[in-house]
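Chemist: What follows is a single structure, and I will ask about it in a moment.
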Amino acid sequence: MATSGFSPAERAVPAGEFKTNCLRLMDEIQETGIEIVVTKHRRPVVKVSPFREMPPRLVGSSKGQLRILADIDSDPAIPAEDWDMLADPDHRERL
């Protein structure tokens, strides 16, 4: 039952119909992505929408997955100028 005042991405369902067909309607919402607005006496009460997983945050997403094996700044076998771009101001021009 479509009701004016709702966007094309949602449809209105009376509370009694929602109660009777709750599991079927939940499957429909998941499959189609169309939200359902449950109404009582033709007034909107709640909106049921599909669950969407949030993408993982980029910052901190590798926490606990990486391990530092050595500190390149304190290894005497590796000259500091090999790692420090500031030690060679012309470094960018050679890239």
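Chain identifiers are assigned as A, B, and so on, following the order in which chains appear in the structure tokens; residues are numbered from 1 within each chain, and ligands are numbered from 1 in order of appearance.
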Skipping near chain neighbours, those fewer than 2 positions away, what residues fall within 12 Å of region 24-28 of chain A using only C-alpha atoms, listed as a PyMOL selection string?

Modeler: chain A and resi 10-13+15+17-22+30-38+47-51

Chemist: In Å, with one decimal, what is the gap from CA of Pro14 (chain A) to CA of Arg42 (chain A)?

Modeler: 7.2 Å
